[in-house]
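Participant: Contents of upload_26.cif (mmCIF, C-alpha atoms) are below:
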```cif
data_input
loop_
_atom_site.label_atom_id
_atom_site.label_comp_id
_atom_site.auth_asym_id
_atom_site.auth_seq_id
_atom_site.Cartn_x
_atom_site.Cartn_y
_atom_site.Cartn_z
CA MET A 891 -12.15 27.09 -7.07
CA PHE A 892 -9.45 24.51 -7.48
CA ASP A 893 -11.05 21.58 -5.74
CA ARG A 894 -14.51 21.87 -7.27
CA ASN A 895 -15.90 21.84 -10.71
CA ASP A 896 -18.45 24.60 -11.31
CA SER A 897 -21.15 24.67 -13.94
CA HIS A 898 -23.55 27.53 -14.35
CA THR A 899 -27.27 27.23 -15.06
CA GLU A 900 -30.03 29.80 -15.32
CA LEU A 901 -30.93 29.26 -11.69
CA GLY A 902 -27.44 29.27 -10.24
CA THR A 903 -24.20 27.38 -9.97
CA ILE A 904 -23.71 23.64 -9.54
CA LYS A 905 -20.53 22.62 -7.81
CA ILE A 906 -19.38 19.03 -7.70
CA HIS A 907 -16.79 18.40 -5.06
CA ARG A 908 -13.83 16.21 -5.88
CA ASN A 909 -14.85 13.81 -3.08
CA SER A 910 -18.11 13.14 -4.92
CA ILE A 911 -16.18 12.43 -8.10
CA ALA A 912 -13.89 10.09 -6.15
CA SER A 913 -16.91 8.29 -4.68
CA ILE A 914 -18.51 7.78 -8.09
CA ALA A 915 -15.19 6.51 -9.46
CA ALA A 916 -14.77 4.11 -6.52
CA LEU A 917 -18.27 2.67 -6.89
CA ALA A 918 -17.86 2.30 -10.65
CA ALA A 919 -14.49 0.58 -10.20
CA LEU A 920 -15.87 -1.85 -7.62
CA GLU A 921 -18.64 -2.89 -10.02
CA ILE A 922 -16.06 -4.55 -12.26
CA GLU A 923 -15.42 -8.24 -11.73
CA GLY A 924 -11.81 -8.72 -10.76
CA VAL A 925 -11.56 -5.63 -8.57
CA LYS A 926 -11.20 -6.63 -4.94
CA ALA A 927 -10.93 -3.17 -3.38
CA ILE A 928 -9.76 0.38 -3.83
CA GLY A 929 -6.16 0.75 -2.74
CA LYS A 930 -5.20 2.82 0.26
CA ASN A 931 -2.79 5.58 1.12
CA LEU A 932 -1.67 7.04 4.44
CA ARG A 933 -4.63 9.41 4.67
CA SER A 934 -7.29 6.78 3.98
CA VAL A 935 -5.66 4.38 6.48
CA ILE A 936 -5.78 7.07 9.20
CA LEU A 937 -9.40 7.93 8.33
CA ASP A 938 -10.26 4.21 8.42
CA LEU A 939 -8.82 3.98 11.92
CA VAL A 940 -10.94 6.92 12.99
CA GLY A 941 -13.97 5.17 11.49
CA LYS A 942 -14.57 7.60 8.68
CA LYS A 943 -15.27 6.21 5.22
CA ASP A 944 -13.27 8.02 2.61
CA HIS A 945 -12.10 7.61 -0.97
CA GLY A 946 -9.18 9.97 -0.44
CA SER A 947 -6.79 7.52 -2.05
CA ILE A 948 -8.39 8.34 -5.42
CA ARG A 949 -6.71 11.45 -6.75
CA VAL A 950 -8.95 13.86 -8.61
CA GLU A 951 -7.47 16.83 -10.43
CA PHE A 952 -8.88 19.44 -12.77
CA ASP A 953 -6.77 20.83 -15.56
CA LYS A 954 -6.97 24.37 -16.97
CA ASN A 955 -9.76 23.43 -19.38
CA GLY A 956 -11.86 21.97 -16.56
CA GLU A 957 -11.22 18.40 -17.65
CA VAL A 958 -10.86 15.77 -14.97
CA CYS A 959 -7.80 13.61 -14.40
CA LEU A 960 -8.18 10.63 -12.07
CA GLU A 961 -5.70 8.28 -10.49
CA ILE A 962 -7.27 5.16 -9.00
CA PRO A 963 -5.28 2.72 -6.87
CA LEU A 964 -6.67 -0.81 -7.11
CA VAL A 965 -6.39 -4.17 -5.43
CA VAL A 966 -7.04 -6.77 -8.11
CA LYS A 967 -8.32 -10.30 -7.48
CA TYR A 968 -6.00 -13.20 -8.18
CA ASP A 969 -6.48 -15.01 -11.52
CA PHE A 970 -7.76 -12.00 -13.46
CA SER A 971 -5.94 -10.37 -16.36
CA ILE A 972 -4.76 -6.99 -15.08
CA PRO A 973 -4.85 -5.13 -18.44
CA GLU A 974 -8.41 -6.35 -19.05
CA VAL A 975 -9.59 -5.39 -15.57
CA ALA A 976 -7.86 -2.00 -15.81
CA THR A 977 -9.38 -1.23 -19.20
CA ARG A 978 -12.86 -2.21 -18.00
CA VAL A 979 -12.45 -0.06 -14.90
CA GLN A 980 -11.36 2.90 -17.01
CA GLU A 981 -14.37 2.49 -19.31
CA ASN A 982 -16.88 2.05 -16.49
CA VAL A 983 -15.51 4.99 -14.49
CA ARG A 984 -15.58 7.20 -17.58
CA ASN A 985 -19.17 6.20 -18.45
CA SER A 986 -20.41 6.64 -14.87
CA LEU A 987 -18.79 10.04 -14.44
CA GLU A 988 -19.99 11.32 -17.80
CA LYS A 989 -23.50 10.03 -17.10
CA MET A 990 -23.76 11.39 -13.55
CA THR A 991 -21.80 14.63 -13.72
CA ASN A 992 -21.56 15.63 -17.38
CA LEU A 993 -17.87 16.27 -16.82
CA SER A 994 -15.36 15.63 -19.55
CA ILE A 995 -12.76 13.10 -18.48
CA LYS A 996 -9.25 13.54 -19.77
CA ASP A 997 -7.30 10.77 -18.14
CA ILE A 998 -7.98 7.80 -15.85
CA SER A 999 -4.77 6.29 -14.52
CA ILE A 1000 -4.94 2.94 -12.78
CA ASN A 1001 -2.37 1.95 -10.22
CA VAL A 1002 -2.47 -1.73 -9.27
CA GLN A 1003 -1.14 -1.84 -5.72
CA SER A 1004 -1.55 -5.52 -4.94
CA ILE A 1005 -3.14 -8.79 -5.92
CA GLU A 1006 -5.28 -10.67 -3.42
CA LYS A 1007 -7.28 -13.84 -3.45
CA SER A 1008 -11.02 -13.42 -3.58
CA ASP A 1009 -13.07 -14.66 -0.61
CA LYS A 1010 -14.62 -17.44 -2.72
CA ILE A 1011 -11.23 -18.92 -3.60
CA ASP A 1012 -10.15 -18.71 0.05
CA GLN A 1013 -13.23 -20.63 1.15
CA GLU A 1014 -12.68 -23.32 -1.49
CA ALA A 1015 -9.05 -23.72 -0.40
CA MET B 409 15.87 -0.78 3.40
CA ARG B 410 15.40 2.75 2.10
CA THR B 411 11.83 2.73 3.33
CA LEU B 412 13.02 1.67 6.76
CA GLY B 413 15.51 4.53 6.75
CA VAL B 414 12.84 7.05 5.84
CA LEU B 415 10.53 5.67 8.51
CA PHE B 416 13.33 5.85 11.07
CA TYR B 417 14.10 9.49 10.32
CA THR B 418 10.39 10.33 10.38
CA ALA B 419 10.09 8.67 13.78
CA VAL B 420 13.07 10.66 15.07
CA LEU B 421 11.68 13.95 13.77
CA VAL B 422 8.23 13.19 15.19
CA PHE B 423 9.84 12.41 18.54
CA ILE B 424 11.71 15.72 18.53
CA GLY B 425 8.53 17.55 17.58
CA LEU B 426 6.57 15.88 20.36
CA LEU B 427 9.31 16.72 22.83
CA MET B 428 9.13 20.35 21.84
CA ILE B 429 5.34 20.41 22.24
CA VAL B 430 5.55 18.73 25.65
CA PHE B 431 8.32 21.13 26.64
CA SER B 432 6.23 24.16 25.76
CA ILE B 433 3.20 22.78 27.63
CA VAL B 434 5.24 21.89 30.75
CA LEU B 435 6.74 25.34 30.86
CA SER B 436 3.36 26.96 30.60
CA ILE B 437 2.08 25.20 33.75
CA SER B 438 2.08 27.90 36.40
CA GLY B 439 2.89 25.50 39.26
CA LEU B 440 6.31 24.71 37.91
CA GLN B 441 8.68 27.46 38.95
CA VAL B 442 12.15 27.87 37.57
CA GLN B 443 13.74 27.29 40.98
CA SER B 444 11.70 24.16 41.76
CA ILE B 445 12.98 22.21 38.77
CA LYS B 446 16.40 23.83 38.93
CA PHE B 447 16.70 25.11 35.40
CA SER B 448 19.95 26.94 35.37
CA THR B 449 20.35 28.29 31.88
CA ASP B 450 19.19 31.73 30.95
CA LEU B 451 17.66 30.41 27.78
CA LEU B 452 15.11 28.29 29.59
CA TYR B 453 14.30 31.18 31.89
CA VAL B 454 13.65 33.45 28.94
CA ILE B 455 11.50 30.82 27.28
CA GLN B 456 9.41 30.32 30.38
CA ALA B 457 9.02 33.98 31.02
CA SER B 458 7.67 34.74 27.59
CA LEU B 459 4.39 33.30 26.29
CA ASN B 460 5.43 34.06 22.72
CA TYR B 461 8.51 31.85 22.95
CA ARG B 462 6.45 28.99 24.29
CA ILE B 463 3.95 29.34 21.47
CA ILE B 464 6.77 29.50 18.93
CA ILE B 465 8.34 26.30 20.26
CA GLY B 466 5.01 24.47 20.32
CA LEU B 467 4.11 25.59 16.82
CA SER B 468 7.52 24.71 15.44
CA GLY B 469 7.05 21.23 16.95
CA VAL B 470 3.72 20.86 15.14
CA LEU B 471 5.29 22.17 11.95
CA LEU B 472 8.15 19.69 12.25
CA ILE B 473 5.71 16.80 12.57
CA ILE B 474 3.70 17.95 9.56
CA ILE B 475 6.85 18.43 7.48
CA SER B 476 8.19 15.02 8.43
CA PHE B 477 4.90 13.30 7.54
CA SER B 478 4.63 15.03 4.17
CA PHE B 479 8.30 14.32 3.52
CA MET B 480 7.75 10.63 4.28
CA GLN B 481 4.72 10.43 2.00
CA LEU B 482 6.55 12.20 -0.80
CA ILE B 483 9.58 9.93 -0.65
CA LEU B 484 7.57 6.74 -0.23
CA SER B 485 5.36 7.59 -3.20
CA ARG B 486 8.45 8.31 -5.29
CA PHE B 487 9.93 4.91 -4.40
CA GLN B 488 6.61 3.28 -5.18
CA ARG B 489 6.39 5.02 -8.54
CA GLU B 490 9.84 3.82 -9.48
CA LYS B 491 8.93 0.24 -8.65
CA THR B 492 6.16 -0.22 -11.17
CA ILE B 493 5.47 -1.59 -14.62
CA ALA B 494 3.51 0.80 -16.82
CA PHE B 495 1.15 0.32 -19.77
CA HIS B 496 -0.50 2.94 -21.88
CA SER B 497 -4.13 2.66 -22.83
CA PRO B 498 -6.36 5.18 -24.65
CA SER B 499 -8.10 6.12 -21.38
CA GLY B 500 -4.93 6.63 -19.38
CA ASP B 501 -1.90 4.91 -17.91
CA VAL B 502 -1.96 1.64 -15.99
CA THR B 503 0.82 1.05 -13.50
CA ILE B 504 1.38 -2.21 -11.66
CA ALA B 505 3.41 -2.26 -8.47
CA LEU B 506 6.19 -4.84 -8.48
CA SER B 507 5.02 -5.91 -5.04
CA ALA B 508 1.69 -6.85 -6.68
CA ILE B 509 3.56 -9.23 -8.99
CA GLU B 510 5.30 -10.68 -5.94
CA ASP B 511 1.85 -11.23 -4.36
CA LEU B 512 0.75 -12.97 -7.54
CA ILE B 513 3.74 -15.33 -7.51
CA ARG B 514 3.17 -16.17 -3.83
CA HIS B 515 -0.43 -17.14 -4.60
CA PHE B 516 0.02 -19.38 -7.61
CA VAL B 517 3.10 -21.16 -6.30
CA LEU B 518 0.94 -22.74 -3.59
CA ILE B 519 -0.27 -25.28 -6.17
CA ILE B 520 3.18 -26.93 -6.21
CA PRO B 521 3.21 -29.25 -3.19
CA GLN B 522 7.00 -29.77 -3.09
CA ILE B 523 7.64 -26.11 -2.27
CA ARG B 524 7.70 -25.36 1.42
CA GLU B 525 8.59 -21.65 1.33
CA LEU B 526 9.08 -19.11 -1.42
CA LYS B 527 10.30 -15.54 -1.35
CA PRO B 528 9.93 -13.66 -4.65
CA ASP B 529 11.78 -10.49 -5.60
CA VAL B 530 10.79 -8.76 -8.85
CA ILE B 531 13.01 -6.20 -10.57
CA VAL B 532 12.70 -4.35 -13.87
CA ASN B 533 16.03 -3.51 -15.49
CA ARG B 534 16.83 -0.51 -17.66
CA LYS B 535 15.96 -2.37 -20.85
CA GLY B 536 12.48 -3.02 -19.47
CA ASN B 537 12.99 -6.74 -18.91
CA ILE B 538 11.29 -8.27 -15.89
CA ILE B 539 13.66 -10.21 -13.66
CA VAL B 540 12.14 -12.51 -11.08
CA ASN B 541 14.37 -13.85 -8.32
CA LEU B 542 12.86 -16.75 -6.42
CA ARG B 543 14.35 -17.94 -3.15
CA VAL B 544 12.91 -21.36 -2.50
CA VAL B 545 12.87 -23.86 0.37
CA LEU B 546 12.03 -27.33 -0.93
CA LYS B 547 10.81 -30.53 0.63
CA SER B 548 13.26 -33.44 0.50
CA GLU B 549 11.21 -35.56 -1.91
CA ALA B 550 11.40 -32.95 -4.68
CA ASN B 551 13.22 -33.62 -7.97
CA ILE B 552 15.13 -30.36 -8.32
CA PRO B 553 15.70 -30.10 -12.11
CA GLU B 554 12.11 -31.02 -12.89
CA LEU B 555 10.67 -28.81 -10.21
CA THR B 556 12.73 -25.74 -11.08
CA ALA B 557 11.89 -26.11 -14.77
CA GLN B 558 8.20 -26.41 -13.87
CA LEU B 559 8.42 -23.42 -11.55
CA GLN B 560 10.11 -21.27 -14.20
CA GLU B 561 7.54 -22.22 -16.80
CA ILE B 562 4.54 -21.62 -14.53
CA THR B 563 5.90 -18.31 -13.27
CA LYS B 564 6.65 -17.03 -16.74
CA SER B 565 3.33 -18.06 -18.28
CA LYS B 566 1.30 -16.78 -15.33
CA ILE B 567 3.01 -13.37 -15.36
CA GLN B 568 2.51 -13.07 -19.10
CA GLU B 569 -1.13 -14.13 -18.77
CA VAL B 570 -2.02 -11.84 -15.89
CA LEU B 571 0.01 -8.80 -16.89
CA GLY B 572 -0.35 -9.24 -20.63
CA VAL B 573 3.28 -8.22 -21.15
CA GLU B 574 5.44 -9.14 -24.11
CA GLU B 575 8.74 -8.11 -22.55
CA GLN B 576 11.36 -10.72 -21.80
CA ILE B 577 10.88 -12.35 -18.41
CA VAL B 578 13.94 -13.83 -16.72
CA ILE B 579 13.33 -16.21 -13.85
CA ARG B 580 16.19 -16.98 -11.51
CA ILE B 581 15.72 -19.63 -8.86
CA HIS B 582 17.85 -19.94 -5.78
CA ILE B 583 17.27 -23.02 -3.66
CA ALA B 584 18.11 -21.84 -0.19
CA LYS B 585 17.32 -25.02 1.68
CA ILE B 586 16.04 -28.55 1.30
CA MET B 587 14.08 -29.64 4.31
CA SER B 588 14.53 -33.27 5.33
CA ARG B 589 11.77 -35.35 6.91
CA GLU B 590 13.63 -35.33 10.24
CA GLU B 591 13.58 -31.55 10.27
CA LYS B 592 9.89 -31.55 9.46
CA GLU B 593 9.18 -33.94 12.33
CA LYS B 594 11.34 -31.84 14.64
CA ARG B 595 9.39 -28.74 13.75
CA ARG B 596 6.12 -30.58 14.32
CA LYS B 597 7.32 -31.76 17.74
CA ASP B 598 8.44 -28.26 18.63
CA THR B 599 5.07 -26.83 17.75
CA ASP B 600 3.37 -29.59 19.78
CA LYS B 601 5.57 -28.71 22.76
CA ASP B 602 4.75 -25.05 22.48
CA GLU B 603 1.03 -25.66 22.77
CA PRO B 604 0.01 -25.59 26.45
CA LYS B 605 -1.82 -28.71 27.61
CA ILE B 606 -4.95 -28.49 29.70
CA PRO B 607 -4.36 -30.13 33.09
CA PHE B 608 -6.42 -33.31 33.61
CA GLY B 609 -7.67 -32.95 30.05
CA GLY B 610 -9.23 -36.00 28.44
CA TYR B 611 -11.08 -37.24 31.53
CA GLY B 612 -14.71 -37.09 30.64
CA ARG B 613 -17.69 -37.82 32.80
CA VAL B 614 -19.04 -41.33 32.38
#
```
Take the structure in the file and write it out as structure tokens.
Facilitator:
Amino acid sequence: MFDRNDSHTELGTIKIHRNSIASIAALAALEIEGVKAIGKNLRSVILDLVGKKDHGSIRVEFDKNGEVCLEIPLVVKYDFSIPEVATRVQENVRNSLEKMTNLSIKDISINVQSIEKSDKIDQEA
Amino acid sequence: MRTLGVLFYTAVLVFIGLLMIVFSIVLSISGLQVQSIKFSTDLLYVIQASLNYRIIIGLSGVLLIIISFSFMQLILSRFQREKTIAFHSPSGDVTIALSAIEDLIRHFVLIIPQIRELKPDVIVNRKGNIIVNLRVVLKSEANIPELTAQLQEITKSKIQEVLGVEEQIVIRIHIAKIMSREEKEKRRKDTDKDEPKIPFGGYGRV
């Protein structure tokens, strides 16, 4: 299967869908201070309008060796160093995915889409 | 501008697709006879007579819409990819959209009170240098040489701090307008005029 990662045990097969991987990555990314939100693409905007929660903007791909490549679009809070935030997101996503799924992660690309003020700063202003 | 063009063509293609779908549905309604709506061409008659043709037209409309949407997404993502700054880290690449840098500039420039409006435009040239074009509208009390020097310095240091880049950053400032106090007052009056007043407002019960 191309969109799932299979692992075999004595009792059967465990399949982790790419949406689950995207959800774990999104939650791990949002844990990092300086991340305001996960960026959006056309699909996630349409699903938002319908009222369905989705992390479809996070791209999850499996290479030939079964390693995972992720591309995470981010909205970063104003006044945070982007390289620092991006590195921390990459580390946290890697740790969370390895801990929860036992998958080997090849690549985590971060795409900073925009910079927005955090709610706290807005209230102070 | 390119984005607008792509969106325009997508809208046109979607419109054509929708027309084709509607056309196939209208023709399939049994109440509409060829004579009643005076279709004269043989082509339309053939289309109406055959269910297969109607299905083909409807499906090709759907296909056209799908193709145009995927085409739009493909082209827009390509434009977006071109307009980024990239870093390499051990865990993977980090790309920053140039529009994100423009957002950043818009936010931190608010701390300078003499600036009334600011429109940033960020470009990366072939050598990898970041070029920031700032179109500024100033208030009349501003000292231009001091202010522009301050603006250049703040912009440069903030971009370097937030992006952590070592590339050369060129900041060009274009002062588009200096707003006088009279203009400001005029604008205020205009906005006051625009607000509708409540009739007999201000009379309270004693």
Participant: On this file, the PyMOL selection byres ((chain B) within 7 of (chain A)) gives some set of residues; write that set as a PDB file with C-alpha atoms, keeping the file's coordinate frame.
Facilitator:
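The resulting file, part03.pdb, is reproduced below:
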```
ATOM      1  CA  SER B 499      -8.100   6.120 -21.380  1.00  0.00           C
ATOM      2  CA  GLY B 500      -4.930   6.630 -19.380  1.00  0.00           C
ATOM      3  CA  ASP B 501      -1.900   4.910 -17.910  1.00  0.00           C
ATOM      4  CA  VAL B 502      -1.960   1.640 -15.990  1.00  0.00           C
ATOM      5  CA  THR B 503       0.820   1.050 -13.500  1.00  0.00           C
ATOM      6  CA  ILE B 504       1.380  -2.210 -11.660  1.00  0.00           C
ATOM      7  CA  ALA B 505       3.410  -2.260  -8.470  1.00  0.00           C
ATOM      8  CA  SER B 507       5.020  -5.910  -5.040  1.00  0.00           C
ATOM      9  CA  ALA B 508       1.690  -6.850  -6.680  1.00  0.00           C
ATOM     10  CA  ASP B 511       1.850 -11.230  -4.360  1.00  0.00           C
ATOM     11  CA  LEU B 512       0.750 -12.970  -7.540  1.00  0.00           C
ATOM     12  CA  GLU B 569      -1.130 -14.130 -18.770  1.00  0.00           C
ATOM     13  CA  VAL B 570      -2.020 -11.840 -15.890  1.00  0.00           C
ATOM     14  CA  LEU B 571       0.010  -8.800 -16.890  1.00  0.00           C
ATOM     15  CA  GLY B 572      -0.350  -9.240 -20.630  1.00  0.00           C
TER      16      GLY B 572
END
```
Participant: What's the separation between CA of Val983 in chain A and CA of Ile914 in chain A, in Å to one decimal place?
Facilitator: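 CA of Ile914 in chain A lies at a distance of 7.6 Å from CA of Val983 in chain A.
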Participant: Provide the CA of Leu542 in chain B to CA of Ile579 in chain B distance in Å, to one decimal place.
Facilitator: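 Those two atoms sit 7.5 Å apart.
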Participant: Between CA of Pro553 in chain B and CA of Lys566 in chain B, what is the distance in Å, rounded to a tenth?
Facilitator: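 Value for the CA of Pro553 in chain B-CA of Lys566 in chain B distance: 19.9 Å.
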Participant: For Leu415 in chain B, please output as a list in words all residues within 12 Å (counting all atoms listed in the file; exclusion window: fewer than 6 positions along the same chain).
Facilitator: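 Result of the neighbour search: Met409, Leu421, Val422, Ser476, Phe477, Ser478, Phe479, Met480, Gln481, Ile483 and Leu484 of chain B.
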Participant: Step by step, work through what the PyMOL selection byres ((chain A and resi 951) around 9) selects in the shown file, and finish by giving those residues as number ranges by chain.
Facilitator: A: 892-893, 908, 949-950, 952-953, 957-961
Participant: The selected residues should be written to file as a compact mmCIF listing (two decimals), keeping the file's coordinate frame (atoms: C-alpha atoms).
Facilitator:
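Produced file part-v3.txt, reproduced below:
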```txt
# COMPACT_ATOMS: atom_id res chain seq x y z
CA PHE A 892 -9.45 24.51 -7.48
CA ASP A 893 -11.05 21.58 -5.74
CA ARG A 908 -13.83 16.21 -5.88
CA ARG A 949 -6.71 11.45 -6.75
CA VAL A 950 -8.95 13.86 -8.61
CA PHE A 952 -8.88 19.44 -12.77
CA ASP A 953 -6.77 20.83 -15.56
CA GLU A 957 -11.22 18.40 -17.65
CA VAL A 958 -10.86 15.77 -14.97
CA CYS A 959 -7.80 13.61 -14.40
CA LEU A 960 -8.18 10.63 -12.07
CA GLU A 961 -5.70 8.28 -10.49
```
Participant: Would you translate the PyMOL selection byres ((chain A and resi 919) around 8) into the concrete set of residues it matches in this file, as JSON, numbers by chain?
Facilitator: {"A": [915, 916, 917, 918, 920, 921, 922, 925, 928, 979, 980, 982, 983]}
Participant: Measuring between all atoms listed in the file, which one of B:Ile586, B:Val517, B:Leu506, B:Ile464 shows the shortest distance to Glu549 in chain B?
Facilitator: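 Using all atoms listed in the file, the shortest distance to Glu549 in chain B belongs to B:Ile586.
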Participant: Quick one: residues within 10 Å of Ile538 in chain B, only C-alpha atoms counted, chain neighbours fewer than 5 positions away excluded, as a list in words?
Facilitator: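 The neighbour list is Ile493, Leu506, Val530, Ile531, Val532, Asn533, Lys564, Ile567, Val573, Glu575, Gln576, Ile577, Val578 and Ile579 of chain B.
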Participant: Tell me which protein, DNA and RNA residues are within 6 Å of Val544 in chain B, counting all atoms listed in the file, leaving out same-chain ones fewer than 6 positions away, and put them as a PDB file with C-alpha atoms, keeping the file's coordinate frame.
Facilitator:
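Output below, filename result.pdb:
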```
ATOM      1  CA  GLU B 525       8.590 -21.650   1.330  1.00  0.00           C
ATOM      2  CA  LEU B 526       9.080 -19.110  -1.420  1.00  0.00           C
ATOM      3  CA  ILE B 583      17.270 -23.020  -3.660  1.00  0.00           C
ATOM      4  CA  ALA B 584      18.110 -21.840  -0.190  1.00  0.00           C
TER       5      ALA B 584
END
```
